[in-house]
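Engineer: Please find one structure pasted underneath; my questions will follow.
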Amino acid sequence: MLIVIPELDEEQVESTFARFRTIIERTGGEMKEMDYWGRRKLAYEIDHRTDGFYAVMQFTAGDRTLPELKRILRVSDDVLRHMVVKLPPDYARNDPSPEATEAPA
Amino acid sequence: MKKKPPVKLGYVDYKDYNMLRRFTSDRGKIRARRVTGLSPQQQREVAVAIKRAREMALLPYVAGQ
């Protein structure tokens, strides 16, 4: 899951998400599902921003995917927050809704 | 005190913040197990999910005021 800053327009937001999709695919991962939540209010202010664009990506990771993805997420100024979470093997059966993401703020 | 019936949960997903709200007080604090009636494992899963949701600004760290 990642949150993109609200200053961008829809097109820029889309290209941001497309960028991460490319990174995942370039490093041997596979995008399973991409769930765009759209603009949402944050539960609390982050860097004086009250909302952001949310998206959840569910993907498989190759050997280089996670270090590379996390590095780029960290240095991307347009990403407000992100989280990569490992899903349980039976995740899809529990709930058809997608996901993917973990920690550093 | 009478024991509460067990609660069925399945995989506790941090993205399902509306479901997680059931386990927080109106101040945003995580409810104690004697209030939620969850097993130790479930309580832990719920607590972790709430903390993840907080990190992604889906749930507040401090609610109200």
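Residues in the structure tokens are named by chain (A, B, ... in the order shown) and by number from 1 within that chain; ligands are numbered from 1 in the order shown.
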May I have the residues of chain B within 8 Å of chain A, counting only C-alpha atoms, written as a PDB file with C-alpha atoms, in the first residue's frame?
Structural biologist:
```pdb
ATOM      1  CA  GLY B  10     -10.378 -15.112   9.940  1.00  0.00           C
ATOM      2  CA  TYR B  11      -7.419 -13.145   8.557  1.00  0.00           C
ATOM      3  CA  ARG B  54      -2.515   3.701  12.089  1.00  0.00           C
ATOM      4  CA  GLU B  55       0.777   3.879  10.259  1.00  0.00           C
ATOM      5  CA  MET B  56      -1.048   4.256   6.968  1.00  0.00           C
ATOM      6  CA  ALA B  57      -3.344   6.941   8.414  1.00  0.00           C
ATOM      7  CA  LEU B  58      -6.410   4.736   8.077  1.00  0.00           C
ATOM      8  CA  LEU B  59      -7.013   4.891  11.829  1.00  0.00           C
ATOM      9  CA  PRO B  60      -6.041   7.708  14.176  1.00  0.00           C
ATOM     10  CA  TYR B  61      -3.385   7.372  16.869  1.00  0.00           C
TER      11      TYR B  61
END
```
Engineer: Using DSSP on the backbone coordinates, identify the residues of chain B assigned to helix (DSSP H, G or I); present them as an MDAnalysis selection string.
Structural biologist: chainID B and resid 17:23 33:36 40:55
Engineer: Using N, CA, C and O atoms, can you write the selected residues to a file as an mmCIF file, in the first residue's frame?
Structural biologist:
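And here is the file that came out, part-v4.cif:
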```cif
data_model
loop_
_atom_site.group_PDB
_atom_site.id
_atom_site.type_symbol
_atom_site.label_atom_id
_atom_site.label_comp_id
_atom_site.auth_asym_id
_atom_site.auth_seq_id
_atom_site.Cartn_x
_atom_site.Cartn_y
_atom_site.Cartn_z
ATOM 1 N N TYR B 17 -10.266 -1.120 7.833
ATOM 2 C CA TYR B 17 -10.243 -0.282 9.035
ATOM 3 C C TYR B 17 -11.610 -0.138 9.705
ATOM 4 O O TYR B 17 -11.687 0.087 10.903
ATOM 5 N N ASN B 18 -12.677 -0.293 8.924
ATOM 6 C CA ASN B 18 -13.998 -0.188 9.554
ATOM 7 C C ASN B 18 -14.272 -1.361 10.489
ATOM 8 O O ASN B 18 -14.883 -1.196 11.542
ATOM 9 N N MET B 19 -13.779 -2.537 10.086
ATOM 10 C CA MET B 19 -13.921 -3.702 10.951
ATOM 11 C C MET B 19 -13.045 -3.516 12.199
ATOM 12 O O MET B 19 -13.458 -3.848 13.315
ATOM 13 N N LEU B 20 -11.847 -2.947 12.010
ATOM 14 C CA LEU B 20 -10.934 -2.772 13.146
ATOM 15 C C LEU B 20 -11.471 -1.752 14.148
ATOM 16 O O LEU B 20 -11.150 -1.800 15.331
ATOM 17 N N ARG B 21 -12.286 -0.827 13.670
ATOM 18 C CA ARG B 21 -12.869 0.180 14.538
ATOM 19 C C ARG B 21 -13.653 -0.441 15.696
ATOM 20 O O ARG B 21 -13.759 0.142 16.771
ATOM 21 N N ARG B 22 -14.209 -1.629 15.433
ATOM 22 C CA ARG B 22 -14.941 -2.338 16.491
ATOM 23 C C ARG B 22 -14.060 -2.587 17.702
ATOM 24 O O ARG B 22 -14.548 -2.789 18.815
ATOM 25 N N PHE B 23 -12.750 -2.654 17.474
ATOM 26 C CA PHE B 23 -11.846 -3.012 18.569
ATOM 27 C C PHE B 23 -11.088 -1.813 19.127
ATOM 28 O O PHE B 23 -10.098 -1.970 19.818
ATOM 29 N N ARG B 33 -8.570 -7.073 26.143
ATOM 30 C CA ARG B 33 -9.128 -8.361 25.771
ATOM 31 C C ARG B 33 -10.366 -8.701 26.585
ATOM 32 O O ARG B 33 -11.260 -9.388 26.101
ATOM 33 N N ARG B 34 -10.423 -8.236 27.809
ATOM 34 C CA ARG B 34 -11.618 -8.566 28.590
ATOM 35 C C ARG B 34 -12.831 -7.845 28.031
ATOM 36 O O ARG B 34 -13.962 -8.247 28.279
ATOM 37 N N VAL B 35 -12.619 -6.814 27.250
ATOM 38 C CA VAL B 35 -13.730 -6.122 26.600
ATOM 39 C C VAL B 35 -14.050 -6.754 25.254
ATOM 40 O O VAL B 35 -15.213 -6.975 24.909
ATOM 41 N N THR B 36 -13.005 -7.070 24.482
ATOM 42 C CA THR B 36 -13.234 -7.597 23.138
ATOM 43 C C THR B 36 -13.629 -9.063 23.139
ATOM 44 O O THR B 36 -14.276 -9.537 22.209
ATOM 45 N N PRO B 40 -6.050 -14.862 22.916
ATOM 46 C CA PRO B 40 -4.769 -14.155 22.886
ATOM 47 C C PRO B 40 -4.232 -13.979 21.458
ATOM 48 O O PRO B 40 -3.769 -12.901 21.104
ATOM 49 N N GLN B 41 -4.338 -15.028 20.636
ATOM 50 C CA GLN B 41 -3.852 -14.934 19.255
ATOM 51 C C GLN B 41 -4.626 -13.881 18.482
ATOM 52 O O GLN B 41 -4.049 -13.066 17.770
ATOM 53 N N GLN B 42 -5.936 -13.935 18.614
ATOM 54 C CA GLN B 42 -6.764 -12.977 17.872
ATOM 55 C C GLN B 42 -6.487 -11.549 18.318
ATOM 56 O O GLN B 42 -6.375 -10.640 17.504
ATOM 57 N N GLN B 43 -6.355 -11.376 19.628
ATOM 58 C CA GLN B 43 -6.106 -10.041 20.158
ATOM 59 C C GLN B 43 -4.809 -9.479 19.580
ATOM 60 O O GLN B 43 -4.728 -8.320 19.200
ATOM 61 N N ARG B 44 -3.808 -10.372 19.470
ATOM 62 C CA ARG B 44 -2.524 -9.926 18.945
ATOM 63 C C ARG B 44 -2.652 -9.546 17.476
ATOM 64 O O ARG B 44 -2.147 -8.523 17.040
ATOM 65 N N GLU B 45 -3.379 -10.393 16.707
ATOM 66 C CA GLU B 45 -3.553 -10.089 15.284
ATOM 67 C C GLU B 45 -4.278 -8.768 15.089
ATOM 68 O O GLU B 45 -3.913 -7.954 14.247
ATOM 69 N N VAL B 46 -5.312 -8.571 15.894
ATOM 70 C CA VAL B 46 -6.070 -7.325 15.800
ATOM 71 C C VAL B 46 -5.188 -6.139 16.173
ATOM 72 O O VAL B 46 -5.180 -5.117 15.485
ATOM 73 N N ALA B 47 -4.393 -6.308 17.236
ATOM 74 C CA ALA B 47 -3.533 -5.204 17.677
ATOM 75 C C ALA B 47 -2.529 -4.839 16.596
ATOM 76 O O ALA B 47 -2.314 -3.664 16.295
ATOM 77 N N VAL B 48 -1.925 -5.861 15.967
ATOM 78 C CA VAL B 48 -0.950 -5.598 14.908
ATOM 79 C C VAL B 48 -1.626 -4.896 13.735
ATOM 80 O O VAL B 48 -1.105 -3.927 13.180
ATOM 81 N N ALA B 49 -2.827 -5.381 13.374
ATOM 82 C CA ALA B 49 -3.545 -4.792 12.243
ATOM 83 C C ALA B 49 -3.891 -3.335 12.520
ATOM 84 O O ALA B 49 -3.761 -2.475 11.647
ATOM 85 N N ILE B 50 -4.315 -3.040 13.747
ATOM 86 C CA ILE B 50 -4.657 -1.658 14.094
ATOM 87 C C ILE B 50 -3.422 -0.779 14.000
ATOM 88 O O ILE B 50 -3.454 0.333 13.472
ATOM 89 N N LYS B 51 -2.283 -1.305 14.460
ATOM 90 C CA LYS B 51 -1.054 -0.507 14.412
ATOM 91 C C LYS B 51 -0.624 -0.249 12.974
ATOM 92 O O LYS B 51 -0.145 0.836 12.639
ATOM 93 N N ARG B 52 -0.811 -1.249 12.115
ATOM 94 C CA ARG B 52 -0.487 -1.034 10.703
ATOM 95 C C ARG B 52 -1.426 0.005 10.102
ATOM 96 O O ARG B 52 -0.988 0.887 9.354
ATOM 97 N N ALA B 53 -2.701 -0.120 10.420
ATOM 98 C CA ALA B 53 -3.677 0.829 9.883
ATOM 99 C C ALA B 53 -3.353 2.244 10.349
ATOM 100 O O ALA B 53 -3.511 3.210 9.606
ATOM 101 N N ARG B 54 -2.879 2.377 11.579
ATOM 102 C CA ARG B 54 -2.515 3.701 12.089
ATOM 103 C C ARG B 54 -1.351 4.267 11.290
ATOM 104 O O ARG B 54 -1.321 5.451 10.959
ATOM 105 N N GLU B 55 -0.388 3.413 10.986
ATOM 106 C CA GLU B 55 0.777 3.879 10.259
ATOM 107 C C GLU B 55 0.393 4.420 8.894
ATOM 108 O O GLU B 55 1.010 5.359 8.392
#
```
Engineer: If you count only C-alpha atoms, which residues fall within 7 Å of B:Arg27, apart from same-chain ones fewer than 6 positions away, as a PyMOL selection string?
Structural biologist: chain B and resi 62-64
Engineer: Name the residues of stretch 3-101 of chain A that fall into strand (DSSP E or B) according to DSSP on the backbone, using the chain letters and numbers of this document, as a PDB file with C-alpha atoms, in the first residue's frame.
Structural biologist:
```
ATOM      1  CA  ILE A   3      -0.021   6.988  -0.252  1.00  0.00           C
ATOM      2  CA  VAL A   4       0.885   9.609  -2.848  1.00  0.00           C
ATOM      3  CA  GLU A  30       4.514 -10.105 -10.934  1.00  0.00           C
ATOM      4  CA  MET A  31       1.656  -7.685 -10.372  1.00  0.00           C
ATOM      5  CA  LYS A  32      -1.371  -9.645  -9.249  1.00  0.00           C
ATOM      6  CA  GLU A  33      -3.839  -6.951  -8.529  1.00  0.00           C
ATOM      7  CA  MET A  34      -3.866  -3.207  -8.446  1.00  0.00           C
ATOM      8  CA  ASP A  35      -6.496  -1.508  -6.382  1.00  0.00           C
ATOM      9  CA  TYR A  36      -6.739   2.227  -6.677  1.00  0.00           C
ATOM     10  CA  TRP A  37      -8.625   3.725  -3.721  1.00  0.00           C
ATOM     11  CA  GLY A  38      -8.433   7.268  -4.967  1.00  0.00           C
ATOM     12  CA  ARG A  39      -8.180  10.399  -2.884  1.00  0.00           C
ATOM     13  CA  ARG A  40      -8.984   9.911   0.781  1.00  0.00           C
ATOM     14  CA  LYS A  41      -8.778  11.814   3.981  1.00  0.00           C
ATOM     15  CA  LEU A  42      -5.898  10.859   6.264  1.00  0.00           C
ATOM     16  CA  ALA A  43      -6.763   9.906   9.837  1.00  0.00           C
ATOM     17  CA  TYR A  44      -4.205  12.474  10.962  1.00  0.00           C
ATOM     18  CA  GLU A  45      -1.999  15.070   9.323  1.00  0.00           C
ATOM     19  CA  ILE A  46       1.214  13.964   7.672  1.00  0.00           C
ATOM     20  CA  ARG A  49      -1.329  17.305   4.436  1.00  0.00           C
ATOM     21  CA  THR A  50      -4.833  16.176   5.248  1.00  0.00           C
ATOM     22  CA  ASP A  51      -5.418  13.782   2.370  1.00  0.00           C
ATOM     23  CA  GLY A  52      -3.634  11.638  -0.166  1.00  0.00           C
ATOM     24  CA  PHE A  53      -4.072   9.199  -3.033  1.00  0.00           C
ATOM     25  CA  TYR A  54      -4.198   5.608  -1.850  1.00  0.00           C
ATOM     26  CA  ALA A  55      -3.399   2.532  -3.864  1.00  0.00           C
ATOM     27  CA  VAL A  56      -2.925  -1.093  -2.918  1.00  0.00           C
ATOM     28  CA  MET A  57      -0.849  -3.379  -5.090  1.00  0.00           C
ATOM     29  CA  GLN A  58      -0.741  -7.088  -4.659  1.00  0.00           C
ATOM     30  CA  PHE A  59       2.321  -8.640  -6.192  1.00  0.00           C
ATOM     31  CA  THR A  60       4.821 -11.454  -6.057  1.00  0.00           C
ATOM     32  CA  VAL A  79       5.188   9.036  -1.930  1.00  0.00           C
ATOM     33  CA  LEU A  80       3.818  10.223   1.379  1.00  0.00           C
ATOM     34  CA  ARG A  81       3.853   6.839   3.033  1.00  0.00           C
ATOM     35  CA  HIS A  82       4.183   3.209   2.080  1.00  0.00           C
TER      36      HIS A  82
END
```
Engineer: Can you tell me, as JSON, numbers by chain, what residues are no more than 12 Å from A:Arg19 when counting only C-alpha atoms, ignoring any on the same chain fewer than 5 positions away?
Structural biologist: {"A": [12, 13, 14, 24, 25, 26, 69, 72, 73, 76, 78, 79]}
